[in-house]
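All remarks here apply to the structure that follows.
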Amino acid sequence: MASAFRLQCHCILIFLAAHKGETRYLEARGAGEDEPFLLLSADLKRELSGRQLYHRALRCIDMLSVEGQFTFTAEQPQLHCAAFFIGDPEELITIDYDFVNIDCQGGDFLKVFDGWILKGEKFPSSLDHPLPTSERYVDFCKSGNIRRSIRSSQNVAMIFFRIHEPGNGFTFTIKKNDNLFPCNVISQTPTGRFTLVIPHQHRNCSFSIIYPVVIKISDLILGHLNSLHLKKPSTGCAGVGDFVELLGGTGLDPSKMFPLADLCQSFHGSAQMKIGCDNTVLRMVSSGKHINRVSFEYHQLDQYELENRKENSIEEFCFPSI
């Protein structure tokens, strides 16, 4: 399915250029045959495994999924640049500044954002992240040597930067760290399986899949005992402290997506749903009173499934690609 949203994510055609958290939309020039998203290749990851530190130049608009050292040197004024980082679901990302030569007084900036921003939408959403939005930005021009190492709260992060003077730039190293209890995740692949666990914590966690998918929930433990409730004005899980919801939409922010189904009670078995949206999110809301766990698997809807909608499909809530 040709998807404007997935194209934006894969090619990084949208980007944040903001001051104090405000965003605006910008189009990147064509990525060409060395498209940044090719770095998500599993073959490349295996090839780099066990070898010396990987080095390469950073592009103005870039996507990185491997550990290594990356250098950006401006050949001309670069005013609207961003690099997006993604790891496996059980990984956190650490960004270490090795060398920075920018003119903060002359209008340059170099900022890290804890999460992703695409077209003004954030992941994780403000409802799901432990920090307020203003604290998710680390501005090198304000922190300098105080914050030369920044760790993400989930498997995605990004930097955005502006450099006016040719020859100026910076070098940083990306490292991956284990995350024992992953909370907010963007999946790198359209197929997979995952178990989300929230151990006695009052927090919300979202698992985002940037594809139309079939999602099958095989096990759900919420601390109170069976059913899948399709969203209607008078039903749902309102007032229940612990539940799982399925969301669909065309953007990145779960808080702006359409609520499709609620699961309010524990069950062992199978609950399956087709979601024909550009982005599918499984979101767990936890009161902190229980150890909550949900196991699920997913695969991308093929063209036949998209063309043959059945009663357990909800594509009508999603907007077609342009």
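Residue numbering restarts at 1 in every chain; chains get A, B, ... in the order shown in the structure tokens, and ligands count up from 1 in that same order.
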- [ ] From a DSSP calculation on the backbone, collect every residue of stretch 134-311 of chain A in strand (DSSP E or B) and output the set as a VMD selection string.
- [x] chain A and resid 137 to 139 149 to 151 156 to 163 169 to 178 185 to 186 192 to 199 204 to 209 213 to 221 228 to 230 243 to 249 258 to 263 267 to 275 279 to 285 291 to 300
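Neighbouring residues of A:Cys60 at 8 Å or closer, counting only C-alpha atoms and skipping chain neighbours under 4 positions away, are Phe72, Gln78, His80, Cys81, Ala82 and Ala83 of chain A.
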TODO: Please return as a PyMOL selection string: the residues of stretch 38-227 of chain A that backbone DSSP assigns to helix (DSSP H, G or I).
DONE: chain A and resi 38-40+42-48+133-136+140-147
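Distance check against A:Phe113 using only C-alpha atoms: of A:Asp128, A:Asp96, A:Arg203, A:Ser134, the minimum falls on A:Ser134.
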Could you list, with a cut-off of 12 Å and counting only C-alpha atoms, the residues of stretch 38-143 of chain A near stretch 240-251 of chain A, each shown with its nearest atom pair and the distance in Å rounded to one decimal, rows sorted by chain and ascending number, as CSV?
residue,atom,partner,partner_atom,distance
A:Trp116,CA,A:Gly251,CA,11.8
A:Ile117,CA,A:Gly251,CA,10.3
A:Leu118,CA,A:Gly251,CA,8.1
A:Lys119,CA,A:Gly251,CA,8.2
A:Gly120,CA,A:Gly251,CA,9.4
A:Glu121,CA,A:Gly251,CA,7.0
A:Lys122,CA,A:Gly251,CA,9.2
A:Phe123,CA,A:Gly251,CA,9.9
A:Ser125,CA,A:Gly251,CA,11.4
Open item on the list: For a quick check of understanding, using only C-alpha atoms, which of A:Ala261, A:Ile217, A:Ile291, A:Val281 has the smallest distance to A:Asn184?
Closed with: A:Val281
Task: Pick from A:Pro132, A:Pro259, A:Gly68, A:Gly169, whichever lies nearest to A:Val100 using only C-alpha atoms - done: A:Gly169
TODO: Using atom CA of A:His55 and atom CA of A:Val138 as the two end points, give the distance in Å to one decimal.
DONE: 24.0 Å
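Excluding A:Val214 and any residue on its chain fewer than 3 positions from it, the residues at most 7 Å away by only C-alpha atoms are Met273, Lys274, Ile275, Tyr298, His299, Gln300 and Leu301 of chain A.
Separating atom CA of A:Thr195 from atom CA of A:Ala157 is a distance of 21.8 Å.
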TODO: Using only C-alpha atoms, determine which residues lie at most 8 Å from stretch 158-168 of chain A, disregarding the query and same-chain residues fewer than 6 positions distant; provide the list as JSON, numbers by chain.
DONE: {"A": [16, 17, 73, 74, 75, 76, 77, 78, 79, 80, 81, 82, 83, 84, 85, 101, 102, 103, 106, 107, 108, 109, 110, 111, 112, 113, 114, 115, 116]}
TODO: Return the single residue from A:Ser295, A:Ser255, A:Gln105, A:Ser153 that is closest to A:Leu180, with distances computed using only C-alpha atoms.
DONE: A:Ser153
Task: Interatomic distance (Å, one decimal) between atom CA of A:Glu90 and atom CA of A:Ser206 - done: 13.5 Å
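Residues lying within 10 Å of A:Gln69, counting only C-alpha atoms and ignoring same-chain neighbours fewer than 3 positions away, are Leu53, Tyr54, His55, Arg56, Ala57, Leu58, Val66, Ile95, Asp96, Tyr97, Asp98, Thr171, Phe172, Thr173, Ile174 and Lys175 of chain A.
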